[in-house]
>>> print(open('protein_37.txt').read())   # compact mmCIF, C-alpha atoms
# COMPACT_ATOMS: atom_id res chain seq x y z
CA MET A 19 -36.25 20.55 -5.47
CA ASN A 20 -37.83 20.43 -2.05
CA GLU A 21 -36.17 17.11 -1.34
CA ASN A 22 -32.82 18.43 -2.45
CA SER A 23 -32.92 21.43 -0.14
CA GLU A 24 -33.75 19.11 2.72
CA ILE A 25 -30.56 17.13 2.01
CA GLN A 26 -28.60 20.35 2.06
CA ASP A 27 -30.17 21.30 5.37
CA VAL A 28 -29.01 18.03 6.88
CA GLU A 29 -25.51 18.51 5.51
CA LEU A 30 -25.44 22.00 6.93
CA ALA A 31 -26.47 20.53 10.26
CA VAL A 32 -23.55 18.06 10.08
CA SER A 33 -21.22 20.93 9.32
CA ARG A 34 -22.63 22.98 12.21
CA TRP A 35 -22.30 20.14 14.75
CA LEU A 36 -18.80 19.40 13.56
CA ARG A 37 -17.88 23.04 13.97
CA ILE A 38 -19.28 23.11 17.50
CA GLY A 39 -17.32 19.94 18.35
CA VAL A 40 -14.08 21.35 16.95
CA ILE A 41 -14.52 24.72 18.71
CA ILE A 42 -15.27 23.11 22.07
CA SER A 43 -12.27 20.78 21.86
CA ALA A 44 -9.96 23.62 20.76
CA GLY A 45 -11.33 25.80 23.58
CA VAL A 46 -10.63 23.12 26.19
CA ILE A 47 -7.07 22.61 24.88
CA ILE A 48 -6.42 26.38 24.94
CA LEU A 49 -7.77 26.60 28.48
CA GLY A 50 -5.46 23.77 29.56
CA LEU A 51 -2.43 25.41 27.95
CA ILE A 52 -3.19 28.79 29.54
CA VAL A 53 -3.49 27.23 32.99
CA LEU A 54 -0.27 25.33 32.30
CA PHE A 55 1.60 28.55 31.50
CA ILE A 56 0.11 30.48 34.44
CA GLN A 57 0.74 27.75 37.01
CA GLY A 58 4.08 26.86 35.44
CA GLY A 59 3.47 23.19 36.24
CA SER A 60 1.54 20.37 34.65
CA GLY A 61 -0.04 19.09 37.88
CA TYR A 62 1.87 15.82 37.46
CA PRO A 63 5.36 14.87 38.62
CA GLY A 64 8.25 15.09 36.13
CA ASP A 65 7.46 14.19 32.53
CA THR A 66 4.45 12.06 33.40
CA TYR A 67 0.89 12.70 32.31
CA PRO A 68 -2.43 10.94 32.83
CA HIS A 69 -3.49 8.33 30.28
CA SER A 70 -6.15 6.17 31.86
CA LEU A 71 -9.75 7.33 31.90
CA PRO A 72 -10.18 7.48 35.73
CA GLU A 73 -6.86 9.30 36.06
CA ILE A 74 -7.84 11.82 33.37
CA PHE A 75 -11.24 12.55 34.89
CA ARG A 76 -9.84 12.86 38.42
CA GLY A 77 -7.28 15.33 37.05
CA LEU A 78 -10.02 17.24 35.24
CA ILE A 79 -12.01 17.69 38.47
CA GLU A 80 -8.85 18.89 40.21
CA PHE A 81 -8.29 21.16 37.18
CA LYS A 82 -4.78 19.89 36.48
CA PRO A 83 -3.47 21.42 33.20
CA TYR A 84 -2.37 18.16 31.53
CA ALA A 85 -5.69 16.49 32.33
CA VAL A 86 -7.62 19.43 30.84
CA ILE A 87 -5.53 19.35 27.63
CA THR A 88 -6.02 15.59 27.36
CA VAL A 89 -9.79 15.94 27.69
CA GLY A 90 -9.68 18.48 24.85
CA LEU A 91 -7.71 15.99 22.73
CA MET A 92 -10.23 13.25 23.53
CA LEU A 93 -13.07 15.49 22.36
CA LEU A 94 -11.14 16.13 19.14
CA ILE A 95 -10.63 12.38 18.62
CA LEU A 96 -14.38 11.90 18.94
CA THR A 97 -15.28 14.42 16.19
CA PRO A 98 -14.75 12.04 13.21
CA VAL A 99 -16.69 9.30 14.99
CA LEU A 100 -19.47 11.81 15.59
CA ARG A 101 -19.35 12.60 11.91
CA VAL A 102 -19.88 8.98 10.90
CA ALA A 103 -22.74 8.67 13.39
CA ILE A 104 -24.42 11.82 12.06
CA SER A 105 -23.91 10.57 8.49
CA ILE A 106 -26.03 7.51 9.31
CA TRP A 107 -28.77 9.91 10.29
CA VAL A 108 -28.22 11.90 7.06
CA PHE A 109 -28.72 8.76 4.97
CA VAL A 110 -31.79 7.76 6.98
CA ARG A 111 -33.25 11.17 6.23
CA GLU A 112 -32.39 10.77 2.56
CA GLY A 113 -34.12 7.40 2.59
CA ASP A 114 -30.92 5.79 1.29
CA LYS A 115 -31.06 2.29 2.79
CA LEU A 116 -27.91 1.05 1.04
CA TYR A 117 -25.82 3.78 2.62
CA VAL A 118 -27.47 3.49 6.00
CA ILE A 119 -26.13 -0.10 5.93
CA ILE A 120 -22.68 0.82 4.55
CA THR A 121 -22.21 3.63 7.09
CA SER A 122 -23.42 1.45 9.97
CA ILE A 123 -20.86 -1.20 8.94
CA VAL A 124 -18.13 1.45 9.02
CA LEU A 125 -19.19 2.58 12.49
CA ALA A 126 -19.32 -1.03 13.70
CA ILE A 127 -15.83 -1.76 12.31
CA LEU A 128 -14.52 1.38 14.03
CA ILE A 129 -15.90 0.23 17.35
CA VAL A 130 -14.53 -3.30 16.83
CA SER A 131 -11.07 -2.04 15.88
CA PHE A 132 -11.03 0.17 18.95
CA ALA A 133 -11.96 -2.81 21.12
CA LEU A 134 -9.30 -4.96 19.42
CA GLY A 135 -6.66 -2.32 19.97
CA LYS A 136 -7.52 -2.04 23.62
CA ALA A 137 -7.15 -5.77 24.23
CA MET B 28 8.01 26.34 28.03
CA VAL B 29 5.88 28.92 26.24
CA MET B 30 8.39 29.22 23.42
CA PHE B 31 8.47 25.45 22.92
CA SER B 32 4.68 25.38 22.57
CA LEU B 33 4.65 28.39 20.25
CA GLU B 34 7.25 26.87 17.95
CA ILE B 35 5.30 23.61 17.75
CA LEU B 36 2.15 25.64 17.10
CA LEU B 37 3.73 27.46 14.14
CA ILE B 38 5.09 24.29 12.52
CA SER B 39 1.67 22.70 13.01
CA ILE B 40 -0.14 25.54 11.24
CA LEU B 41 2.05 24.86 8.21
CA ALA B 42 1.40 21.12 8.51
CA GLY B 43 -2.35 21.76 8.66
CA ILE B 44 -2.33 23.90 5.51
CA VAL B 45 -0.27 21.39 3.51
CA GLY B 46 -2.25 18.45 4.86
CA SER B 47 -5.65 19.83 3.98
CA VAL B 48 -4.65 21.03 0.51
CA LEU B 49 -3.05 17.70 -0.46
CA GLY B 50 -5.30 15.34 1.50
CA LEU B 51 -2.39 13.94 3.48
CA GLY B 52 -3.29 14.67 7.07
CA GLY B 53 -0.15 16.58 7.96
CA GLY B 54 1.69 13.67 9.60
CA ILE B 55 4.21 13.83 6.80
CA ILE B 56 5.38 17.19 8.21
CA VAL B 57 4.60 16.82 11.92
CA THR B 58 6.53 13.57 12.53
CA PRO B 59 9.87 14.60 11.01
CA ALA B 60 9.59 18.16 12.41
CA LEU B 61 9.02 16.94 15.96
CA THR B 62 11.74 14.29 15.90
CA LEU B 63 14.38 16.23 13.96
CA LEU B 64 13.80 19.83 15.12
CA PHE B 65 12.48 19.33 18.63
CA GLY B 66 14.13 16.05 19.61
CA VAL B 67 10.79 14.46 20.50
CA SER B 68 10.84 10.65 20.79
CA ILE B 69 9.35 8.74 17.85
CA GLU B 70 6.46 7.33 19.95
CA HIS B 71 5.36 10.80 21.05
CA ALA B 72 5.85 12.15 17.53
CA ILE B 73 3.62 9.43 16.07
CA GLY B 74 1.04 10.07 18.80
CA ALA B 75 1.05 13.78 17.92
CA SER B 76 0.87 12.98 14.21
CA ILE B 77 -2.28 10.87 14.72
CA ILE B 78 -3.80 13.90 16.47
CA SER B 79 -2.68 16.03 13.54
CA VAL B 80 -4.48 13.73 11.08
CA ILE B 81 -7.73 14.09 13.01
CA ALA B 82 -7.33 17.85 13.36
CA THR B 83 -6.70 18.21 9.61
CA SER B 84 -9.73 16.10 8.84
CA SER B 85 -12.18 17.84 11.15
CA GLY B 86 -10.75 21.33 10.62
CA SER B 87 -11.01 21.19 6.83
CA ALA B 88 -14.25 19.20 6.87
CA ILE B 89 -16.19 22.17 8.16
CA ALA B 90 -15.48 24.08 4.97
CA TYR B 91 -15.68 21.08 2.65
CA ILE B 92 -19.07 19.71 3.69
CA ARG B 93 -20.65 23.09 3.31
CA ASP B 94 -19.34 23.34 -0.23
CA ARG B 95 -20.12 19.69 -0.94
CA ILE B 96 -16.62 18.88 -2.16
CA THR B 97 -16.27 15.79 0.00
CA ASN B 98 -18.05 12.85 -1.61
CA LEU B 99 -19.61 11.24 1.45
CA ARG B 100 -20.75 8.13 -0.44
CA VAL B 101 -17.34 7.43 -1.98
CA GLY B 102 -15.75 8.05 1.42
CA MET B 103 -18.05 5.70 3.31
CA PHE B 104 -17.92 2.95 0.69
CA LEU B 105 -14.13 2.99 0.55
CA GLU B 106 -13.89 3.33 4.31
CA ILE B 107 -15.07 -0.28 4.58
CA ALA B 108 -12.02 -1.35 2.55
CA THR B 109 -9.56 0.72 4.61
CA THR B 110 -10.89 -0.23 8.04
CA VAL B 111 -11.07 -3.95 7.20
CA GLY B 112 -7.61 -3.60 5.66
CA ALA B 113 -6.29 -1.94 8.82
CA ILE B 114 -7.57 -4.79 10.98
CA THR B 115 -6.09 -7.33 8.52
CA GLY B 116 -2.80 -5.47 8.71
CA ALA B 117 -2.77 -5.52 12.49
CA PHE B 118 -3.33 -9.30 12.46
CA ILE B 119 -0.97 -10.40 9.69
CA GLY B 120 1.80 -8.20 11.05
CA GLY B 121 4.03 -11.24 11.67
CA LEU B 122 3.06 -13.22 8.57
CA ILE B 123 4.08 -10.95 5.72
CA ALA B 124 7.50 -9.47 5.26
CA PRO B 125 6.86 -5.73 5.59
CA ASN B 126 9.85 -5.12 3.30
CA LEU B 127 7.98 -6.63 0.39
CA LEU B 128 4.93 -4.46 1.09
CA TYR B 129 7.08 -1.36 1.33
CA ILE B 130 8.57 -2.10 -2.10
CA ILE B 131 5.24 -2.98 -3.74
CA PHE B 132 3.57 0.15 -2.45
CA GLY B 133 6.58 2.31 -3.20
CA LEU B 134 6.45 1.16 -6.82
CA LEU B 135 2.69 1.73 -6.93
CA LEU B 136 3.26 5.32 -5.83
CA VAL B 137 5.90 5.84 -8.51
CA TYR B 138 3.44 4.49 -11.06
CA SER B 139 0.75 6.91 -9.98
CA ALA B 140 3.18 9.84 -9.91
CA VAL B 141 4.11 9.06 -13.52
CA ASN B 142 0.43 8.84 -14.32
CA MET B 143 -0.20 12.22 -12.74
CA ILE B 144 2.65 13.83 -14.66
CA LYS B 145 1.18 12.50 -17.91
CA ARG B 146 -2.22 13.85 -17.00
CA LYS B 147 -0.89 17.22 -15.99
CA LYS B 148 0.16 17.72 -19.60
CA GLY B 149 -3.37 16.90 -20.68
CA GLY B 150 -4.62 19.69 -18.46
CA GLN B 151 -8.36 19.24 -18.22
CA GLN B 152 -10.09 16.61 -16.15
CA GLU B 153 -10.78 13.64 -18.40
CA GLN B 154 -14.31 12.36 -18.57
CA VAL B 155 -14.81 8.70 -17.80
CA SER B 156 -17.93 6.72 -18.34
CA MET B 157 -19.71 5.66 -15.20
CA HIS B 158 -18.62 2.24 -13.94
CA PRO B 159 -21.69 -0.03 -13.52
CA ALA B 160 -20.90 -0.62 -9.85
CA ALA B 161 -20.44 3.12 -9.36
CA ALA B 162 -23.88 3.73 -10.82
CA LYS B 163 -25.41 1.15 -8.52
CA LEU B 164 -23.66 2.72 -5.52
CA LYS B 165 -24.60 6.24 -6.65
CA LEU B 166 -20.99 7.39 -6.42
CA GLY B 167 -21.15 10.13 -9.03
CA GLY B 168 -21.56 13.71 -7.93
CA SER B 169 -20.89 17.36 -8.54
CA TYR B 170 -19.27 20.26 -6.76
CA TYR B 171 -18.74 23.97 -7.26
CA ASP B 172 -15.16 24.72 -8.25
CA LYS B 173 -14.24 28.17 -6.95
CA ALA B 174 -11.13 28.44 -9.15
CA ALA B 175 -12.93 27.50 -12.37
CA GLN B 176 -16.11 29.22 -11.16
CA GLU B 177 -18.38 26.50 -12.39
CA GLN B 178 -20.35 23.52 -11.19
CA ILE B 179 -18.43 20.36 -12.10
CA SER B 180 -20.21 17.02 -12.45
CA TYR B 181 -18.20 13.85 -12.52
CA ASN B 182 -18.51 10.12 -13.08
CA VAL B 183 -16.61 7.44 -11.24
CA GLY B 184 -14.63 4.69 -12.98
CA ASN B 185 -12.88 1.49 -11.90
CA VAL B 186 -14.62 0.99 -8.55
CA TYR B 187 -13.04 -2.43 -7.93
CA GLY B 188 -9.52 -1.15 -8.59
CA GLY B 189 -10.04 1.73 -6.20
CA PHE B 190 -11.56 -0.54 -3.56
CA GLY B 191 -8.61 -2.94 -3.89
CA VAL B 192 -6.01 -0.20 -3.53
CA MET B 193 -7.90 1.13 -0.51
CA TYR B 194 -7.84 -2.30 1.09
CA GLY B 195 -4.09 -2.39 0.49
CA ALA B 196 -3.75 1.12 1.92
CA GLY B 197 -5.61 -0.09 5.02
CA ILE B 198 -3.25 -3.05 5.42
CA VAL B 199 -0.27 -0.73 5.12
CA SER B 200 -1.63 1.67 7.73
CA GLY B 201 -2.45 -1.22 10.06
CA LEU B 202 1.02 -2.69 9.61
CA LEU B 203 3.07 0.46 9.64
CA GLY B 204 0.86 2.84 11.58
CA ILE B 205 0.76 5.51 8.87
CA GLY B 206 -2.23 7.44 7.58
CA SER B 207 -1.44 6.52 3.97
CA GLY B 208 -3.24 9.57 2.61
CA SER B 209 -1.13 9.44 -0.53
CA PHE B 210 -2.59 5.99 -1.32
CA LYS B 211 -6.12 7.19 -0.72
CA VAL B 212 -5.73 10.15 -3.05
CA MET B 213 -4.08 7.84 -5.57
CA ALA B 214 -6.89 5.28 -5.44
CA MET B 215 -9.51 7.95 -6.06
CA ASP B 216 -7.60 10.12 -8.50
CA VAL B 217 -5.67 7.61 -10.62
CA PHE B 218 -7.95 4.56 -10.39
CA MET B 219 -11.45 5.94 -9.95
CA LYS B 220 -10.78 9.14 -11.91
CA LEU B 221 -12.45 11.46 -9.44
CA PRO B 222 -11.57 15.17 -9.72
CA LEU B 223 -8.43 15.89 -7.67
CA LYS B 224 -10.17 18.29 -5.28
CA VAL B 225 -12.84 15.72 -4.52
CA SER B 226 -10.11 13.11 -3.99
CA THR B 227 -8.09 15.17 -1.50
CA ALA B 228 -11.15 16.34 0.43
CA THR B 229 -12.57 12.82 0.61
CA SER B 230 -9.16 11.44 1.59
CA ASN B 231 -9.04 13.94 4.46
CA PHE B 232 -12.46 12.82 5.61
CA MET B 233 -11.50 9.15 5.53
CA MET B 234 -8.18 9.65 7.30
CA GLY B 235 -9.89 11.30 10.23
CA VAL B 236 -12.25 8.38 10.61
CA THR B 237 -9.49 5.76 10.41
CA ALA B 238 -7.20 7.73 12.71
CA ALA B 239 -9.89 8.16 15.37
CA ALA B 240 -9.90 4.42 16.04
CA SER B 241 -6.15 4.22 16.53
CA ALA B 242 -5.89 7.56 18.33
CA GLY B 243 -8.01 6.23 21.19
CA VAL B 244 -5.63 3.29 21.53
CA TYR B 245 -2.56 5.54 21.41
CA LEU B 246 -4.03 7.82 24.05
CA LEU B 247 -4.74 5.03 26.51
CA ARG B 248 -1.34 3.52 25.81
CA GLY B 249 0.24 6.83 26.85
CA ASP B 250 1.74 7.84 23.51
CA ILE B 251 -0.06 11.17 23.38
CA ASP B 252 1.87 13.73 25.42
CA PRO B 253 -0.48 16.69 26.11
CA HIS B 254 2.39 19.18 26.12
CA ILE B 255 3.22 18.25 22.51
CA ALA B 256 -0.12 17.08 21.14
CA GLY B 257 -2.02 20.09 22.56
CA PRO B 258 -0.19 22.75 20.53
CA VAL B 259 -0.11 20.39 17.51
CA ALA B 260 -3.91 20.03 17.63
CA LEU B 261 -4.48 23.79 17.84
CA GLY B 262 -1.96 24.67 15.13
CA VAL B 263 -3.17 22.01 12.71
CA LEU B 264 -6.83 22.95 13.27
CA ALA B 265 -6.05 26.56 12.39
CA GLY B 266 -3.87 25.54 9.44
CA ALA B 267 -6.44 23.12 8.05
CA THR B 268 -9.20 25.72 8.18
CA ILE B 269 -6.97 28.11 6.23
CA GLY B 270 -5.85 25.34 3.87
CA ALA B 271 -9.42 24.32 3.07
CA GLN B 272 -10.15 27.87 1.94
CA ILE B 273 -6.97 28.10 -0.14
CA MET B 274 -7.49 24.70 -1.75
CA GLN B 275 -10.88 25.59 -3.15
CA ARG B 276 -9.46 28.58 -4.92
CA MET B 277 -6.42 26.77 -6.29
CA LYS B 278 -6.32 25.29 -9.76
CA SER B 279 -6.31 21.48 -9.77
CA LYS B 280 -3.20 21.68 -11.90
CA THR B 281 -1.35 23.58 -9.16
CA ILE B 282 -2.42 21.08 -6.50
CA ARG B 283 -1.23 18.27 -8.75
CA MET B 284 2.13 19.95 -9.23
CA LEU B 285 2.56 20.19 -5.45
CA PHE B 286 1.36 16.63 -4.96
CA ILE B 287 3.71 14.87 -7.38
CA PRO B 288 7.00 15.68 -5.58
CA VAL B 289 5.46 14.67 -2.24
CA LEU B 290 4.27 11.42 -3.79
CA LEU B 291 7.72 10.68 -5.19
CA TYR B 292 9.30 11.52 -1.83
CA VAL B 293 7.05 9.07 0.01
CA ALA B 294 7.57 6.47 -2.73
CA PHE B 295 11.35 6.57 -2.54
CA GLN B 296 11.28 6.60 1.23
CA MET B 297 9.18 3.42 1.20
CA ILE B 298 11.35 1.66 -1.38
CA TYR B 299 14.42 2.71 0.59
CA GLU B 300 12.95 1.18 3.77
CA GLY B 301 11.94 -1.92 1.87
CA VAL B 302 15.31 -2.55 0.31
CA GLY B 303 16.73 -2.02 3.79
CA LEU B 304 19.74 0.07 2.89
>>> encode(input="protein_37.txt", output="structure tokens")
Amino acid sequence: MNENSEIQDVELAVSRWLRIGVIISAGVIILGLIVLFIQGGSGYPGDTYPHSLPEIFRGLIEFKPYAVITVGLMLLILTPVLRVAISIWVFVREGDKLYVIITSIVLAILIVSFALGKA
Amino acid sequence: MVMFSLEILLISILAGIVGSVLGLGGGIIVTPALTLLFGVSIEHAIGASIISVIATSSGSAIAYIRDRITNLRVGMFLEIATTVGAITGAFIGGLIAPNLLYIIFGLLLVYSAVNMIKRKKGGQQEQVSMHPAAAKLKLGGSYYDKAAQEQISYNVGNVYGGFGVMYGAGIVSGLLGIGSGSFKVMAMDVFMKLPLKVSTATSNFMMGVTAAASAGVYLLRGDIDPHIAGPVALGVLAGATIGAQIMQRMKSKTIRMLFIPVLLYVAFQMIYEGVGL
């Protein structure tokens, strides 16, 4: 029974981290939208918006609304990846070697497919 | 400007609820709503719909993990098939006639809809014996059903069939850029005979993972417009959190009844595309 409650603890931890990730990303998006409405402008000319990493981070430092929203979206995109990464840790804690391997393969494929898409 | 965002937000809440209850990711509502109602270009609508898939997945996941409805092992095991399938799809894009795939998968969806209708008459979840591979992979599990108010244990059948369909679903999403949640639910529900709630929750989990890889690419390519995707993300997150609560209290039969027309709709749309009318 002891072992079982430990598994549940780890799953609760996953749930908690996921919640924190989701809340932070939602908070950043809300902040960006509020600034957008107050300033009445996106911080970028016309219909354009930043979509390269340096551009996004420069915009974030200058607190441009569209850059802030985009950072929030990036954080949201990272939450499922975070979940896979934490799952590896869950299976390590459960001593489940088979699934440590399976989950690591999934994470590796995700990284590869991201790299392929970028090329 | 505020009105535009608010309207998108409201539509997205609805998309999030539907997506998390049915395991579809919400793209099925977000894409047509944005293009038809708001006149958004198809590239930006698809970009926003990828965001909606991730928001549905992560938003509902918070509730699902805690209640252990998502079967993490089934999800991870099948995720190998979908991700490898997606890469295959991206590579063979030019080699296979997509029309043929559309028709094959459209027919497969019709088949599973018919199967679901048959099963709906049966009512109760049928018990299957544990597939040897499923036993080896420890895929069986149990969850607490809030509608039935009991702990439900389940076995997992036809692992290879489910894995194969998932690989196909991955190819389709790689080729066509869709989340293919309907295929994922179908593979788990019809082929592997998992309980429907476990299937939709696990499908939501998997879609978020698959979508994350492509979302990064879409973002850097410039397909994700913050003015559209921002409100979509917020609305869908809220909707999915609500949907996850509702889903647990719904009867599987009700979910199935909602799922069948959606399945048929997607099926006929695919066949229609495939035949090229």
>>> interface_residues(input="protein_37.txt", of="chain B", to="chain A", cutoff="7 Å", atoms="only C-alpha atoms", output="PyMOL selection string")
chain B and resi 29+81+85+89+92-93+103-104+106-107+110+114+235-236+239-242+244+246-249+253+257+261
>>> atom_distance(input="protein_37.txt", atom1="CA of Val108 (chain A)", atom2="CA of Ala161 (chain B)")
20.2 Å
>>> residues_around(input="protein_37.txt", residues="region 190-204 of chain B", least_positions_apart="2", cutoff="9 Å", atoms="all atoms listed in the file", output="number ranges by chain")
B: 73, 104-120, 125, 128-129, 132, 185-188, 206-208, 210-211, 213-215, 218, 237, 241
>>> write_last_selection(input="protein_37.txt", atoms="C-alpha atoms", output="mmCIF file, in the frame of the given file")
data_model
loop_
_atom_site.group_PDB
_atom_site.id
_atom_site.type_symbol
_atom_site.label_atom_id
_atom_site.label_comp_id
_atom_site.auth_asym_id
_atom_site.auth_seq_id
_atom_site.Cartn_x
_atom_site.Cartn_y
_atom_site.Cartn_z
ATOM 1 C CA ILE B 73 3.620 9.430 16.070
ATOM 2 C CA PHE B 104 -17.920 2.950 0.690
ATOM 3 C CA LEU B 105 -14.130 2.990 0.550
ATOM 4 C CA GLU B 106 -13.890 3.330 4.310
ATOM 5 C CA ILE B 107 -15.070 -0.280 4.580
ATOM 6 C CA ALA B 108 -12.020 -1.350 2.550
ATOM 7 C CA THR B 109 -9.560 0.720 4.610
ATOM 8 C CA THR B 110 -10.890 -0.230 8.040
ATOM 9 C CA VAL B 111 -11.070 -3.950 7.200
ATOM 10 C CA GLY B 112 -7.610 -3.600 5.660
ATOM 11 C CA ALA B 113 -6.290 -1.940 8.820
ATOM 12 C CA ILE B 114 -7.570 -4.790 10.980
ATOM 13 C CA THR B 115 -6.090 -7.330 8.520
ATOM 14 C CA GLY B 116 -2.800 -5.470 8.710
ATOM 15 C CA ALA B 117 -2.770 -5.520 12.490
ATOM 16 C CA PHE B 118 -3.330 -9.300 12.460
ATOM 17 C CA ILE B 119 -0.970 -10.400 9.690
ATOM 18 C CA GLY B 120 1.800 -8.200 11.050
ATOM 19 C CA PRO B 125 6.860 -5.730 5.590
ATOM 20 C CA LEU B 128 4.930 -4.460 1.090
ATOM 21 C CA TYR B 129 7.080 -1.360 1.330
ATOM 22 C CA PHE B 132 3.570 0.150 -2.450
ATOM 23 C CA ASN B 185 -12.880 1.490 -11.900
ATOM 24 C CA VAL B 186 -14.620 0.990 -8.550
ATOM 25 C CA TYR B 187 -13.040 -2.430 -7.930
ATOM 26 C CA GLY B 188 -9.520 -1.150 -8.590
ATOM 27 C CA GLY B 206 -2.230 7.440 7.580
ATOM 28 C CA SER B 207 -1.440 6.520 3.970
ATOM 29 C CA GLY B 208 -3.240 9.570 2.610
ATOM 30 C CA PHE B 210 -2.590 5.990 -1.320
ATOM 31 C CA LYS B 211 -6.120 7.190 -0.720
ATOM 32 C CA MET B 213 -4.080 7.840 -5.570
ATOM 33 C CA ALA B 214 -6.890 5.280 -5.440
ATOM 34 C CA MET B 215 -9.510 7.950 -6.060
ATOM 35 C CA PHE B 218 -7.950 4.560 -10.390
ATOM 36 C CA THR B 237 -9.490 5.760 10.410
ATOM 37 C CA SER B 241 -6.150 4.220 16.530
#
>>> closest_residue(input="protein_37.txt", among="B:Ala42, B:Val259, B:Lys173, B:Met297", to="Ile55 (chain B)", atoms="all atoms listed in the file")
B:Ala42
>>> atom_distance(input="protein_37.txt", atom1="CA of Gly167 (chain B)", atom2="CA of Ala82 (chain B)")
27.4 Å
>>> closest_residue(input="protein_37.txt", among="B:Met277, B:Ile130, B:Ala90, B:Leu99", to="Leu164 (chain B)", atoms="only C-alpha atoms")
B:Leu99
>>> atom_distance(input="protein_37.txt", atom1="CA of Asn142 (chain B)", atom2="CA of Val217 (chain B)")
7.2 Å
>>> residues_around(input="protein_37.txt", residues="Val183 (chain B)", least_positions_apart="6", cutoff="10 Å", atoms="only C-alpha atoms", output="list in words")
Val101, Gln154, Val155, Ser156, Met157, His158, Pro159, Ala160, Ala161, Ala162, Lys165, Leu166, Gly167, Gly168, Met215, Asp216, Phe218, Met219, Lys220, Leu221 and Pro222 of chain B
>>> residues_around(input="protein_37.txt", residues="Gly50 (chain B)", least_positions_apart="6", cutoff="7 Å", atoms="all atoms listed in the file", output="MDAnalysis selection string")
chainID B and resid 208 212 227:228 230:231
>>> residues_around(input="protein_37.txt", residues="region 270-273 of chain B", least_positions_apart="5", cutoff="7 Å", atoms="all atoms listed in the file", output="PDB file with C-alpha atoms, keeping the file's coordinate frame")
ATOM      1  CA  GLY B  43      -2.350  21.760   8.660  1.00  0.00           C
ATOM      2  CA  ILE B  44      -2.330  23.900   5.510  1.00  0.00           C
ATOM      3  CA  VAL B  45      -0.270  21.390   3.510  1.00  0.00           C
ATOM      4  CA  SER B  47      -5.650  19.830   3.980  1.00  0.00           C
ATOM      5  CA  VAL B  48      -4.650  21.030   0.510  1.00  0.00           C
ATOM      6  CA  SER B  87     -11.010  21.190   6.830  1.00  0.00           C
ATOM      7  CA  ALA B  90     -15.480  24.080   4.970  1.00  0.00           C
TER       8      ALA B  90
END
>>> closest_residue(input="protein_37.txt", among="B:Gly46, B:Glu177, B:Phe286, B:Gly102", to="Gly86 (chain B)", atoms="all atoms listed in the file")
B:Gly46
>>> build_atoms(input="protein_37.txt", residues="region 121-132 of chain A", atoms="N, CA and C atoms", output="compact mmCIF listing (two decimals), in the coordinates of the input")
# COMPACT_ATOMS: atom_id res chain seq x y z
N THR A 121 -22.74 2.77 6.05
CA THR A 121 -22.21 3.63 7.09
C THR A 121 -22.27 2.96 8.45
N SER A 122 -23.33 2.17 8.69
CA SER A 122 -23.42 1.45 9.97
C SER A 122 -22.29 0.42 10.07
N ILE A 123 -21.97 -0.24 8.94
CA ILE A 123 -20.86 -1.20 8.94
C ILE A 123 -19.57 -0.48 9.32
N VAL A 124 -19.35 0.70 8.71
CA VAL A 124 -18.13 1.45 9.02
C VAL A 124 -18.06 1.78 10.51
N LEU A 125 -19.17 2.24 11.06
CA LEU A 125 -19.19 2.58 12.49
C LEU A 125 -18.91 1.34 13.34
N ALA A 126 -19.53 0.21 12.95
CA ALA A 126 -19.32 -1.03 13.70
C ALA A 126 -17.85 -1.45 13.65
N ILE A 127 -17.24 -1.37 12.44
CA ILE A 127 -15.83 -1.76 12.31
C ILE A 127 -14.95 -0.86 13.18
N LEU A 128 -15.29 0.44 13.21
CA LEU A 128 -14.52 1.38 14.03
C LEU A 128 -14.55 0.96 15.49
N ILE A 129 -15.75 0.62 15.95
CA ILE A 129 -15.90 0.23 17.35
C ILE A 129 -15.13 -1.07 17.62
N VAL A 130 -15.25 -2.03 16.68
CA VAL A 130 -14.53 -3.30 16.83
C VAL A 130 -13.02 -3.07 16.87
N SER A 131 -12.52 -2.23 15.94
CA SER A 131 -11.07 -2.04 15.88
C SER A 131 -10.57 -1.33 17.14
N PHE A 132 -11.41 -0.49 17.69
CA PHE A 132 -11.03 0.17 18.95
C PHE A 132 -10.95 -0.87 20.06
